[in-house]
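Participant: One structure is given below, represented as structure tokens, and several questions about it will come after.
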Amino acid sequence: AEVRAGYRDTNQQPYLIGETGRVRSEPDGFFVLGPLERRPHSVLAYKEGEGVAYEINQMPGSWVELVLGPGATLTGRVTVRTSGKPVPDAALFAKEGDVRFEARTDADGRYSFELLPPTRNTWSGHEILVTAPGYQRASRNNLLLVSGDKKSVDFALDPGQTLTGRVVDGRSLKPVAGAVVSDGWEPYHRSVETDEQGNYALEHVDVSPNVVFNVKADGFLSQQRQSDGSGVLEFELESSVVVEGKVLSLDGEALPNARVYLHRIQHAPGYKPTGTGRGKRKMQTDESGEFRFTDVLPGQVAVVAFHDDHAPGEQGPIELRLGAKPPEGIEVILKQGVTVEGVVRDAKDTPLPSIQVRMQRYGWGGRIQGYKWIGGYVWQEVPTFYSDADGKFFLSGGLPGKHWLGAYDKSLGWSGTQLDGQEGQRITDLVISFAGASITGTVTTADGKPLPGTYVNAQGPKGTTQRGWRWTPTDGLGRFKIGGLKEGLYDLHANSTFGQPKPLKDIPAGTQDVELKLEVVQTLTGTVHSALTGKPIEQFRLGIQRQQQQGNVVQYRGGGTREIRSPDGQFERPVQPGTYTVTVSATGHAPQVVKDVVVEALAPPQPLYLTLDAGGGVHGTLTDREGKPLRNVWIHARVHRSPGEPADPADNLLQVCLLY
């Protein structure tokens with residue numbers, strides 16, 4: 001089987017899906033991926049004729065068992081919108097979570113994705129991107145795929161356009177040479193660099209209103225702007241400050257691969273970005289232990305660092321000023337941490353290999369003695385290690401203080417012990433024991449299809465003061481095993497994005513082969529058209545909220561809004577039987593609200609056909625006290641209602657439209 005690992009780098013805007021490894025499993029199914037950065041990874045395995053498996057949030061060093069289950073197939077055709085001619089050799093990219101797939105069209109414009117993993121999140125779904133030289137990109141998101149699905153989606157490409165403009169320093173208005181202007185996902189974007197005069201011409205892109213473009217340049221903050229449809233887009237960049245230094249041990253040794261956070265204490269007056277708060281930034285030190293943040297706003301910051309073999313450290317406050325020389329000689333010194341050694345055993349005193357062991361400090365969310373800024377970063381830096389072939393584990397780099405030393409296994413559940421470590425202390429001969437019965441079973445859809453990646457939890461034992469939770473995700477065939485259970489009765493629940501199975505009550509510990517089956521789920525579908533053009537709207541925002549009657553008042557539960565991109569203006573959303581309110585909005589159109597949409601258990605709901613009329617707008621100019629116009633400032637408009645007048649589900653969508 002081919003096995004791949006990937007992660008999502010949210011420090012990149014737009015975020016970058018980085019593939020960190022790709023190997024083939026051996027004849028016995030064994031594989032090794034690495035070395036990998038110390039961050040959560042998604043792991044994907046697939047083999048033609050066998051199936052696909054997908055696990056998320058796996059740390060390097062962990063033992064992962066991937067059970068191949070039925071995948072989904074997606075086919076379709078890519079053509080030119082104006083002529084209907086096929087587009088050969090177009091590149092298609094499919095992503096779900098932190099993994100991606102690639103395909104190309106043949107001479108007739110046809111493509112095929114085999115063994116796509118089933119959808120884990122029904123709001124985001126799978127996303128498909130299509131690119132071809134000379135044409136604008138096309139995309140579709142919110143594509144829902146269940147195990148064994150076979151779906152078809154066609155794409156029609158429009159001829160590419162050229163975006164031109166200039167990139168300048170926002171304060172001096174001098175041109176910025178070498179700035180990179182781009183669009184779309186990395187690494188699938190089209191990009192171009194500015195010349196000596198700051199000018200650029202980005203070809204084969206879509207310049208329609210509200211398409212987002214990005215610009216990056218050394219010494220400046222990165223910026224995103226939306227096109228106004230004119231084909232011209234100017235960027236005025238905000239100058240930034242450089243923060244660089246080293247991470248060292250107590251004896252002055254440089255520490256590579258330390259995780260360094262830039263903690264914002266406060267912004268200089270006039271430099272706080274709208275809606276971003278203090279912000280958190282992260283990077284790793286290089287082989288010389290050095291770090292460098294290049295696009296930092298002026299003000300006060302601190303540097304916080306973590307390393308696997310040392311206690312964390314911090315340095316600050318550091319004062320940053322535009323035009324001033326960057327601060328030199330920033331050194332973050334890491335002290336000796338708490339070290340823990342021990343062994344993991346089962347109820348028969350047999351050593352257990354490949355068990356995850358974590359040292360989680362009590363009070364991770366608050367102020368920690370001896371540190372000013374480190375508290376907010378401890379949770380995401382919990383040291384995680386794994387027992388070896390003899391069940392032994394070795395943890396280092398722990399913070400001084402009280403900890404919960406916890407061990408977790410997908411089948412056995414949780415176990416652990418408390419400890420109190422001092423700086424530089426070595427705690428040895430700890431034993432973590434797993435004991436108890438297990439409950440096994442499967443989670444399936446109403447028609448019997450397996451639901452991989454569904455979390456199942458057991459609550460119990462009932463009638464005791466030590467009632468707790470044990471949880472585990474299902475494998476590629478929808479199977480689960482929850483172990484480490486005490487004798488007694490348990491309630492089983494499952495959480496699937498496609499719906500909720502009916503809970504199982506009073507299941508004795510030791511029960512095998514139980515079945516959690518989803519209740520009937522229907523799919524609400526529809527198409528969104530424009531009254532202005534008579535054509536489908538390819539990009540819109542969708543909200544689906546369930547109506548609940550409380551006396552004489554109708555309340556709305558769940559939903560929220562989601563941006564949908566669909567070449568044919570179609571959407572689909574699995575829902576439980578009930579009554580819903582559907583809201584749709586799109587740029588340049590008035591929102592539409594459809595109330596009392598009834599979804600029954602025994603019959604699929606009728607498709608919705610929504611036509612959006614032209615909308616109005618609020619226009620104006622924002623200036624400073626001297627009358628100079630201010631650019632790149634977010635303007636927010638609220639919907640006002642009379643006292644006692646109930647809110648409308650479309651209020652949030654109206655705000656979005658007015659922002660455009």
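Ordered as shown in the structure tokens, chains take letters A, B, and onward, while each chain numbers its residues from 1 and ligands are numbered from 1 in the order shown.
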With a distance cut-off of 10 Å and only C-alpha atoms, select the neighbouring residues of segment 263-268 of chain A, excluding the residue or stretch itself and same-chain residues fewer than 2 positions from it, and output the selection as a PyMOL selection string.

Facilitator: chain A and resi 260-261+270-273+277-282+296-304+314-322+373-374+376-377

Participant: Dump N, CA and C atoms for the selected residues as a JSON list (two decimals), in the first residue's frame?

Facilitator:
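Listing of out-v3.json after writing:
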[["chain", "number", "residue", "atom", "x", "y", "z"],
["A", 260, "VAL", "N", 9.70, 27.71, 18.41],
["A", 260, "VAL", "CA", 9.78, 29.09, 18.90],
["A", 260, "VAL", "C", 8.47, 29.81, 18.58],
["A", 261, "TYR", "N", 7.89, 30.43, 19.59],
["A", 261, "TYR", "CA", 6.67, 31.22, 19.43],
["A", 261, "TYR", "C", 7.00, 32.69, 19.63],
["A", 270, "GLY", "N", -1.63, 52.58, 16.77],
["A", 270, "GLY", "CA", -1.91, 52.70, 15.35],
["A", 270, "GLY", "C", -1.50, 51.52, 14.51],
["A", 271, "TYR", "N", -0.94, 50.46, 15.15],
["A", 271, "TYR", "CA", -0.45, 49.32, 14.38],
["A", 271, "TYR", "C", -1.17, 48.02, 14.70],
["A", 272, "LYS", "N", -2.19, 48.07, 15.54],
["A", 272, "LYS", "CA", -2.89, 46.83, 15.87],
["A", 272, "LYS", "C", -3.81, 46.45, 14.73],
["A", 273, "PRO", "N", -3.62, 45.25, 14.11],
["A", 273, "PRO", "CA", -4.50, 44.84, 13.00],
["A", 273, "PRO", "C", -5.93, 44.64, 13.49],
["A", 277, "GLY", "N", -6.41, 40.38, 17.33],
["A", 277, "GLY", "CA", -5.97, 40.22, 18.71],
["A", 277, "GLY", "C", -4.47, 40.26, 18.83],
["A", 278, "ARG", "N", -3.95, 39.50, 19.79],
["A", 278, "ARG", "CA", -2.50, 39.50, 20.01],
["A", 278, "ARG", "C", -1.76, 38.66, 18.99],
["A", 279, "GLY", "N", -2.37, 37.57, 18.59],
["A", 279, "GLY", "CA", -1.74, 36.74, 17.56],
["A", 279, "GLY", "C", -0.66, 35.84, 18.12],
["A", 280, "LYS", "N", -0.47, 34.68, 17.52],
["A", 280, "LYS", "CA", 0.57, 33.74, 17.89],
["A", 280, "LYS", "C", 1.27, 33.28, 16.63],
["A", 281, "ARG", "N", 2.59, 33.29, 16.65],
["A", 281, "ARG", "CA", 3.37, 32.87, 15.50],
["A", 281, "ARG", "C", 4.35, 31.79, 15.93],
["A", 282, "LYS", "N", 4.68, 30.87, 15.03],
["A", 282, "LYS", "CA", 5.51, 29.74, 15.40],
["A", 282, "LYS", "C", 6.47, 29.40, 14.28],
["A", 296, "VAL", "N", 6.93, 41.35, 11.32],
["A", 296, "VAL", "CA", 6.38, 41.59, 12.65],
["A", 296, "VAL", "C", 6.02, 43.07, 12.79],
["A", 297, "LEU", "N", 4.85, 43.34, 13.35],
["A", 297, "LEU", "CA", 4.43, 44.72, 13.58],
["A", 297, "LEU", "C", 5.16, 45.30, 14.80],
["A", 298, "PRO", "N", 5.38, 46.62, 14.83],
["A", 298, "PRO", "CA", 6.06, 47.25, 15.97],
["A", 298, "PRO", "C", 5.23, 47.13, 17.24],
["A", 299, "GLY", "N", 5.93, 47.24, 18.37],
["A", 299, "GLY", "CA", 5.29, 47.10, 19.68],
["A", 299, "GLY", "C", 6.16, 46.27, 20.60],
["A", 300, "GLN", "N", 5.56, 45.61, 21.56],
["A", 300, "GLN", "CA", 6.28, 44.75, 22.49],
["A", 300, "GLN", "C", 5.95, 43.29, 22.21],
["A", 301, "VAL", "N", 7.00, 42.45, 22.18],
["A", 301, "VAL", "CA", 6.82, 41.02, 21.99],
["A", 301, "VAL", "C", 7.69, 40.28, 22.99],
["A", 302, "ALA", "N", 7.44, 38.97, 23.10],
["A", 302, "ALA", "CA", 8.30, 38.07, 23.85],
["A", 302, "ALA", "C", 8.54, 36.84, 22.98],
["A", 303, "VAL", "N", 9.65, 36.15, 23.22],
["A", 303, "VAL", "CA", 9.97, 34.93, 22.50],
["A", 303, "VAL", "C", 9.88, 33.76, 23.48],
["A", 304, "VAL", "N", 9.11, 32.74, 23.13],
["A", 304, "VAL", "CA", 8.91, 31.56, 23.96],
["A", 304, "VAL", "C", 9.41, 30.35, 23.17],
["A", 314, "GLU", "N", 11.90, 31.55, 27.91],
["A", 314, "GLU", "CA", 11.29, 32.73, 27.31],
["A", 314, "GLU", "C", 12.21, 33.94, 27.49],
["A", 315, "GLN", "N", 12.02, 34.93, 26.63],
["A", 315, "GLN", "CA", 12.82, 36.17, 26.68],
["A", 315, "GLN", "C", 11.92, 37.33, 26.32],
["A", 316, "GLY", "N", 11.95, 38.39, 27.12],
["A", 316, "GLY", "CA", 11.13, 39.55, 26.82],
["A", 316, "GLY", "C", 10.95, 40.41, 28.06],
["A", 317, "PRO", "N", 10.25, 41.54, 27.97],
["A", 317, "PRO", "CA", 9.67, 42.07, 26.72],
["A", 317, "PRO", "C", 10.73, 42.66, 25.79],
["A", 318, "ILE", "N", 10.47, 42.58, 24.49],
["A", 318, "ILE", "CA", 11.36, 43.11, 23.46],
["A", 318, "ILE", "C", 10.63, 44.24, 22.75],
["A", 319, "GLU", "N", 11.24, 45.42, 22.72],
["A", 319, "GLU", "CA", 10.62, 46.60, 22.11],
["A", 319, "GLU", "C", 10.99, 46.67, 20.64],
["A", 320, "LEU", "N", 9.99, 46.81, 19.76],
["A", 320, "LEU", "CA", 10.22, 46.86, 18.32],
["A", 320, "LEU", "C", 9.74, 48.21, 17.79],
["A", 321, "ARG", "N", 10.59, 48.87, 17.00],
["A", 321, "ARG", "CA", 10.24, 50.16, 16.41],
["A", 321, "ARG", "C", 10.55, 50.16, 14.93],
["A", 322, "LEU", "N", 9.65, 50.71, 14.14],
["A", 322, "LEU", "CA", 9.90, 50.84, 12.71],
["A", 322, "LEU", "C", 11.04, 51.82, 12.47],
["A", 373, "TRP", "N", 4.93, 34.39, 30.15],
["A", 373, "TRP", "CA", 4.13, 34.28, 28.93],
["A", 373, "TRP", "C", 3.91, 32.84, 28.45],
["A", 374, "ILE", "N", 4.50, 31.90, 29.12],
["A", 374, "ILE", "CA", 4.55, 30.55, 28.56],
["A", 374, "ILE", "C", 3.25, 29.78, 28.72],
["A", 376, "GLY", "N", 0.07, 30.08, 27.93],
["A", 376, "GLY", "CA", -0.86, 29.87, 26.83],
["A", 376, "GLY", "C", -0.37, 28.91, 25.77],
["A", 377, "TYR", "N", 0.90, 28.47, 25.85],
["A", 377, "TYR", "CA", 1.46, 27.61, 24.81],
["A", 377, "TYR", "C", 1.73, 26.19, 25.31]]

Participant: Which polymer residues have any atom within 10 Å of an atom of Arg77 of chain A, counting only C-alpha atoms, with same-chain residues fewer than 6 positions away left out, as a PyMOL selection string?

Facilitator: chain A and resi 86-88+105-106+108-112+152-156

Participant: Using only C-alpha atoms, which protein or nucleic acid residues come within 12 Å of Leu237 of chain A? Drop anything in the same chain fewer than 6 positions from it, and give the result as a compact mmCIF listing (two decimals) with C-alpha atoms, in the first residue's frame.

Facilitator:
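To be explicit, this is the file written out as part_16.txt:
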# COMPACT_ATOMS: atom_id res chain seq x y z
CA ARG A 166 1.55 48.06 -8.54
CA VAL A 167 2.95 47.21 -5.12
CA VAL A 168 4.28 50.11 -3.04
CA ASP A 169 5.35 50.90 0.51
CA GLY A 170 2.16 52.08 2.21
CA ARG A 171 3.89 54.93 4.06
CA SER A 172 6.53 56.21 1.64
CA LEU A 173 4.63 55.11 -1.53
CA LYS A 174 7.96 53.93 -2.98
CA PRO A 175 7.79 50.86 -5.28
CA VAL A 176 8.48 47.42 -3.82
CA ALA A 177 10.51 45.26 -6.21
CA ALA A 179 7.16 41.22 -4.21
CA GLY A 198 6.71 47.69 -8.38
CA ASN A 214 -2.06 37.73 -2.03
CA VAL A 215 1.24 39.58 -1.94
CA LYS A 216 4.40 38.83 0.06
CA ALA A 217 7.63 40.82 0.24
CA ASP A 218 10.66 40.84 2.55
CA GLY A 219 10.43 43.57 5.16
CA PHE A 220 6.67 43.95 4.81
CA LEU A 221 3.55 42.32 6.19
CA SER A 222 1.85 39.94 3.78
CA GLN A 223 -1.47 41.23 2.48
CA GLN A 224 -4.68 39.88 0.95
CA ARG A 225 -7.04 41.96 -1.17
CA ASP A 295 7.13 40.35 9.13
CA LEU A 297 4.43 44.72 13.58
CA ARG A 631 -7.17 52.09 2.79
CA ASN A 632 -7.51 48.44 3.81

Participant: Extract, using only C-alpha atoms, all DNA, RNA and protein residues at most 10 Å from Gly526 of chain A, discarding same-chain residues fewer than 4 positions from it, and format them as an MDAnalysis selection string.

Facilitator: chainID A and resid 569:573 606:610

Participant: Measure the distance from atom CA of Glu96 of chain A to atom CA of Leu115 of chain A in Å and round it to one decimal.

Facilitator: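 Taking atom CA of Glu96 of chain A and atom CA of Leu115 of chain A, their separation equals 12.4 Å.
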
Participant: Segment 249-252 of chain A: which residues within 12 Å, counting only C-alpha atoms, same-chain residues fewer than 6 positions away excluded, as a PDB file with all heavy atoms, in the first residue's frame?

Facilitator:
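Written out: around05.pdb:
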ATOM      1  N   ALA A 258      14.170  23.516  17.910  1.00  0.00           N
ATOM      2  CA  ALA A 258      13.351  24.045  19.002  1.00  0.00           C
ATOM      3  C   ALA A 258      12.136  24.741  18.405  1.00  0.00           C
ATOM      4  O   ALA A 258      12.222  25.371  17.351  1.00  0.00           O
ATOM      5  CB  ALA A 258      14.161  25.008  19.855  1.00  0.00           C
ATOM      6  N   SER A 288      21.741  25.716  13.479  1.00  0.00           N
ATOM      7  CA  SER A 288      22.556  26.565  14.362  1.00  0.00           C
ATOM      8  C   SER A 288      21.754  27.098  15.537  1.00  0.00           C
ATOM      9  O   SER A 288      22.245  27.966  16.276  1.00  0.00           O
ATOM     10  CB  SER A 288      23.151  27.741  13.571  1.00  0.00           C
ATOM     11  OG  SER A 288      23.933  27.281  12.489  1.00  0.00           O
ATOM     12  N   GLY A 289      20.533  26.614  15.693  1.00  0.00           N
ATOM     13  CA  GLY A 289      19.695  27.076  16.782  1.00  0.00           C
ATOM     14  C   GLY A 289      19.108  28.458  16.572  1.00  0.00           C
ATOM     15  O   GLY A 289      18.594  29.068  17.515  1.00  0.00           O
ATOM     16  N   ALA A 305      10.205  29.485  23.814  1.00  0.00           N
ATOM     17  CA  ALA A 305      10.801  28.350  23.099  1.00  0.00           C
ATOM     18  C   ALA A 305      10.609  27.053  23.873  1.00  0.00           C
ATOM     19  O   ALA A 305      10.667  27.028  25.107  1.00  0.00           O
ATOM     20  CB  ALA A 305      12.283  28.601  22.856  1.00  0.00           C
ATOM     21  N   PHE A 306      10.406  25.956  23.094  1.00  0.00           N
ATOM     22  CA  PHE A 306      10.273  24.604  23.646  1.00  0.00           C
ATOM     23  C   PHE A 306      11.246  23.684  22.916  1.00  0.00           C
ATOM     24  O   PHE A 306      11.523  23.872  21.724  1.00  0.00           O
ATOM     25  CB  PHE A 306       8.853  24.070  23.458  1.00  0.00           C
ATOM     26  CG  PHE A 306       7.798  24.793  24.240  1.00  0.00           C
ATOM     27  CD1 PHE A 306       7.249  25.970  23.761  1.00  0.00           C
ATOM     28  CD2 PHE A 306       7.353  24.293  25.454  1.00  0.00           C
ATOM     29  CE1 PHE A 306       6.271  26.635  24.473  1.00  0.00           C
ATOM     30  CE2 PHE A 306       6.373  24.957  26.174  1.00  0.00           C
ATOM     31  CZ  PHE A 306       5.829  26.127  25.686  1.00  0.00           C
ATOM     32  N   HIS A 307      11.737  22.674  23.640  1.00  0.00           N
ATOM     33  CA  HIS A 307      12.623  21.679  23.043  1.00  0.00           C
ATOM     34  C   HIS A 307      12.373  20.351  23.736  1.00  0.00           C
ATOM     35  O   HIS A 307      12.105  20.308  24.950  1.00  0.00           O
ATOM     36  CB  HIS A 307      14.091  22.097  23.188  1.00  0.00           C
ATOM     37  CG  HIS A 307      15.038  21.279  22.394  1.00  0.00           C
ATOM     38  ND1 HIS A 307      15.598  20.109  22.872  1.00  0.00           N
ATOM     39  CD2 HIS A 307      15.525  21.445  21.139  1.00  0.00           C
ATOM     40  CE1 HIS A 307      16.400  19.599  21.948  1.00  0.00           C
ATOM     41  NE2 HIS A 307      16.375  20.387  20.884  1.00  0.00           N
ATOM     42  N   ASP A 308      12.474  19.242  22.993  1.00  0.00           N
ATOM     43  CA  ASP A 308      12.147  17.932  23.548  1.00  0.00           C
ATOM     44  C   ASP A 308      13.008  17.555  24.748  1.00  0.00           C
ATOM     45  O   ASP A 308      12.562  16.815  25.626  1.00  0.00           O
ATOM     46  CB  ASP A 308      12.291  16.853  22.472  1.00  0.00           C
ATOM     47  CG  ASP A 308      11.178  16.920  21.438  1.00  0.00           C
ATOM     48  OD1 ASP A 308      10.177  17.610  21.708  1.00  0.00           O
ATOM     49  OD2 ASP A 308      11.310  16.304  20.372  1.00  0.00           O
ATOM     50  N   ASP A 309      14.256  18.020  24.806  1.00  0.00           N
ATOM     51  CA  ASP A 309      15.185  17.573  25.846  1.00  0.00           C
ATOM     52  C   ASP A 309      15.398  18.590  26.956  1.00  0.00           C
ATOM     53  O   ASP A 309      16.243  18.368  27.831  1.00  0.00           O
ATOM     54  CB  ASP A 309      16.537  17.231  25.213  1.00  0.00           C
ATOM     55  CG  ASP A 309      16.423  16.109  24.197  1.00  0.00           C
ATOM     56  OD1 ASP A 309      15.581  15.211  24.413  1.00  0.00           O
ATOM     57  OD2 ASP A 309      17.153  16.129  23.186  1.00  0.00           O
ATOM     58  N   HIS A 310      14.690  19.719  26.940  1.00  0.00           N
ATOM     59  CA  HIS A 310      14.913  20.773  27.917  1.00  0.00           C
ATOM     60  C   HIS A 310      13.584  21.357  28.376  1.00  0.00           C
ATOM     61  O   HIS A 310      12.564  21.232  27.697  1.00  0.00           O
ATOM     62  CB  HIS A 310      15.781  21.895  27.338  1.00  0.00           C
ATOM     63  CG  HIS A 310      17.144  21.449  26.918  1.00  0.00           C
ATOM     64  ND1 HIS A 310      17.367  20.764  25.729  1.00  0.00           N
ATOM     65  CD2 HIS A 310      18.355  21.569  27.519  1.00  0.00           C
ATOM     66  CE1 HIS A 310      18.661  20.495  25.628  1.00  0.00           C
ATOM     67  NE2 HIS A 310      19.275  20.972  26.694  1.00  0.00           N
ATOM     68  N   ALA A 311      13.620  22.023  29.531  1.00  0.00           N
ATOM     69  CA  ALA A 311      12.452  22.765  29.981  1.00  0.00           C
ATOM     70  C   ALA A 311      12.275  23.987  29.092  1.00  0.00           C
ATOM     71  O   ALA A 311      13.246  24.485  28.505  1.00  0.00           O
ATOM     72  CB  ALA A 311      12.621  23.183  31.438  1.00  0.00           C
ATOM     73  N   PRO A 312      11.066  24.509  28.966  1.00  0.00           N
ATOM     74  CA  PRO A 312      10.853  25.679  28.110  1.00  0.00           C
ATOM     75  C   PRO A 312      11.581  26.913  28.639  1.00  0.00           C
ATOM     76  O   PRO A 312      11.999  26.970  29.799  1.00  0.00           O
ATOM     77  CB  PRO A 312       9.329  25.880  28.155  1.00  0.00           C
ATOM     78  CG  PRO A 312       8.775  24.604  28.671  1.00  0.00           C
ATOM     79  CD  PRO A 312       9.815  24.012  29.550  1.00  0.00           C
ATOM     80  N   GLY A 313      11.713  27.917  27.761  1.00  0.00           N
ATOM     81  CA  GLY A 313      12.320  29.182  28.144  1.00  0.00           C
ATOM     82  C   GLY A 313      11.643  30.336  27.443  1.00  0.00           C
ATOM     83  O   GLY A 313      10.893  30.140  26.480  1.00  0.00           O
ATOM     84  N   GLU A 331      18.712  35.894  22.994  1.00  0.00           N
ATOM     85  CA  GLU A 331      19.025  34.514  23.338  1.00  0.00           C
ATOM     86  C   GLU A 331      17.990  33.977  24.319  1.00  0.00           C
ATOM     87  O   GLU A 331      17.700  34.612  25.337  1.00  0.00           O
ATOM     88  CB  GLU A 331      20.420  34.411  23.952  1.00  0.00           C
ATOM     89  CG  GLU A 331      21.540  34.745  22.971  1.00  0.00           C
ATOM     90  CD  GLU A 331      22.919  34.554  23.577  1.00  0.00           C
ATOM     91  OE1 GLU A 331      22.989  34.393  24.827  1.00  0.00           O
ATOM     92  OE2 GLU A 331      23.909  34.550  22.832  1.00  0.00           O
ATOM     93  N   VAL A 332      17.427  32.825  23.968  1.00  0.00           N
ATOM     94  CA  VAL A 332      16.479  32.157  24.851  1.00  0.00           C
ATOM     95  C   VAL A 332      17.196  30.960  25.462  1.00  0.00           C
ATOM     96  O   VAL A 332      17.614  30.044  24.741  1.00  0.00           O
ATOM     97  CB  VAL A 332      15.221  31.708  24.095  1.00  0.00           C
ATOM     98  CG1 VAL A 332      14.207  31.129  25.066  1.00  0.00           C
ATOM     99  CG2 VAL A 332      14.607  32.873  23.328  1.00  0.00           C
ATOM    100  N   ILE A 333      17.396  30.987  26.773  1.00  0.00           N
ATOM    101  CA  ILE A 333      18.134  29.935  27.467  1.00  0.00           C
ATOM    102  C   ILE A 333      17.145  28.927  28.048  1.00  0.00           C
ATOM    103  O   ILE A 333      16.231  29.296  28.800  1.00  0.00           O
ATOM    104  CB  ILE A 333      19.000  30.518  28.601  1.00  0.00           C
ATOM    105  CG1 ILE A 333      19.866  31.670  28.072  1.00  0.00           C
ATOM    106  CG2 ILE A 333      19.863  29.425  29.221  1.00  0.00           C
ATOM    107  CD1 ILE A 333      20.835  31.257  26.995  1.00  0.00           C
ATOM    108  N   LEU A 334      17.319  27.658  27.694  1.00  0.00           N
ATOM    109  CA  LEU A 334      16.443  26.600  28.191  1.00  0.00           C
ATOM    110  C   LEU A 334      17.129  25.847  29.327  1.00  0.00           C
ATOM    111  O   LEU A 334      18.263  25.373  29.189  1.00  0.00           O
ATOM    112  CB  LEU A 334      16.082  25.627  27.070  1.00  0.00           C
ATOM    113  CG  LEU A 334      15.453  26.236  25.807  1.00  0.00           C
ATOM    114  CD1 LEU A 334      14.913  25.125  24.917  1.00  0.00           C
ATOM    115  CD2 LEU A 334      14.358  27.219  26.153  1.00  0.00           C
ATOM    116  N   LYS A 335      16.416  25.713  30.435  1.00  0.00           N
ATOM    117  CA  LYS A 335      16.950  25.026  31.602  1.00  0.00           C
ATOM    118  C   LYS A 335      16.758  23.511  31.464  1.00  0.00           C
ATOM    119  O   LYS A 335      16.162  23.024  30.509  1.00  0.00           O
ATOM    120  CB  LYS A 335      16.245  25.526  32.864  1.00  0.00           C
ATOM    121  CG  LYS A 335      16.367  27.024  33.093  1.00  0.00           C
ATOM    122  CD  LYS A 335      15.566  27.444  34.320  1.00  0.00           C
ATOM    123  CE  LYS A 335      15.630  28.942  34.532  1.00  0.00           C
ATOM    124  NZ  LYS A 335      14.832  29.373  35.714  1.00  0.00           N
ATOM    125  N   GLN A 336      17.289  22.799  32.469  1.00  0.00           N
ATOM    126  CA  GLN A 336      17.086  21.356  32.489  1.00  0.00           C
ATOM    127  C   GLN A 336      15.641  21.054  32.861  1.00  0.00           C
ATOM    128  O   GLN A 336      15.083  21.653  33.781  1.00  0.00           O
ATOM    129  CB  GLN A 336      18.031  20.696  33.503  1.00  0.00           C
ATOM    130  CG  GLN A 336      19.490  20.750  33.088  1.00  0.00           C
ATOM    131  CD  GLN A 336      20.375  20.063  34.108  1.00  0.00           C
ATOM    132  OE1 GLN A 336      20.133  20.127  35.301  1.00  0.00           O
ATOM    133  NE2 GLN A 336      21.406  19.385  33.635  1.00  0.00           N
ATOM    134  N   GLY A 337      15.032  20.118  32.135  1.00  0.00           N
ATOM    135  CA  GLY A 337      13.641  19.777  32.398  1.00  0.00           C
ATOM    136  C   GLY A 337      13.499  18.543  33.259  1.00  0.00           C
ATOM    137  O   GLY A 337      14.481  17.943  33.704  1.00  0.00           O
ATOM    138  N   GLY A 397      12.184  16.956  28.935  1.00  0.00           N
ATOM    139  CA  GLY A 397      11.734  18.302  28.590  1.00  0.00           C
ATOM    140  C   GLY A 397      10.480  18.730  29.305  1.00  0.00           C
ATOM    141  O   GLY A 397       9.800  19.655  28.851  1.00  0.00           O
ATOM    142  N   GLY A 424      15.363  19.643  36.587  1.00  0.00           N
ATOM    143  CA  GLY A 424      16.511  18.753  36.459  1.00  0.00           C
ATOM    144  C   GLY A 424      16.318  17.392  37.100  1.00  0.00           C
ATOM    145  O   GLY A 424      17.227  16.551  37.045  1.00  0.00           O
TER     146      GLY A 424
END

Participant: Quick one: which segment 426-518 of chain A residues come within 6 Å of segment 344-349 of chain A, and what is the nearest atom pair for each with the distance in Å to one decimal, counting only C-alpha atoms, rows ordered by chain and ascending number, as JSON lines?

Facilitator:
{"residue": "A:Val431", "atom": "CA", "partner": "A:Val344", "partner_atom": "CA", "distance": 6.0}
{"residue": "A:Ile432", "atom": "CA", "partner": "A:Val344", "partner_atom": "CA", "distance": 4.8}
{"residue": "A:Ser433", "atom": "CA", "partner": "A:Arg345", "partner_atom": "CA", "distance": 4.9}
{"residue": "A:Phe434", "atom": "CA", "partner": "A:Asp346", "partner_atom": "CA", "distance": 4.6}
{"residue": "A:Ala435", "atom": "CA", "partner": "A:Ala347", "partner_atom": "CA", "distance": 4.4}

Participant: Can I get the selected residues back with C-alpha atoms, as a PDB file, in the first residue's frame?

Facilitator:
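Output contents, as saved in again07.pdb:
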ATOM      1  CA  VAL A 431       4.692   1.676  36.087  1.00  0.00           C
ATOM      2  CA  ILE A 432       1.491   2.443  34.145  1.00  0.00           C
ATOM      3  CA  SER A 433      -0.909  -0.493  34.115  1.00  0.00           C
ATOM      4  CA  PHE A 434      -3.858  -1.177  31.799  1.00  0.00           C
ATOM      5  CA  ALA A 435      -6.527  -3.472  33.190  1.00  0.00           C
TER       6      ALA A 435
END

Participant: Using only C-alpha atoms, which residues sit within 8 Å of segment 578-593 of chain A once same-chain residues fewer than 2 positions away are excluded, as a PyMOL selection string?

Facilitator: chain A and resi 210+530+537+539-548+576+595-600+610+612-616+649-650+653-654+657+660

Participant: Got a sec: who's within 10 Å of segment 123-125 of chain A, counting only C-alpha atoms, leaving out chain neighbours fewer than 6 positions off, as a PyMOL selection string?

Facilitator: chain A and resi 95-97+140-145+497-498+559-564+572-574

Participant: A:Ala437, A:Leu36, A:Val241, A:Leu163: which is nearest Val207 of chain A, counting only C-alpha atoms?

Facilitator: A:Leu163

Participant: Using Å and a single decimal, report how far atom CA of Leu68 of chain A sits from atom CA of Thr444 of chain A.

Facilitator: 15.6 Å

Participant: Select, from A:His41, A:Lys410, A:Arg24, A:Arg361, the residue with the minimum atom-to-atom distance to Phe480 of chain A, counting only C-alpha atoms.

Facilitator: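 With only C-alpha atoms as the atom set, the closest residue is A:Lys410.
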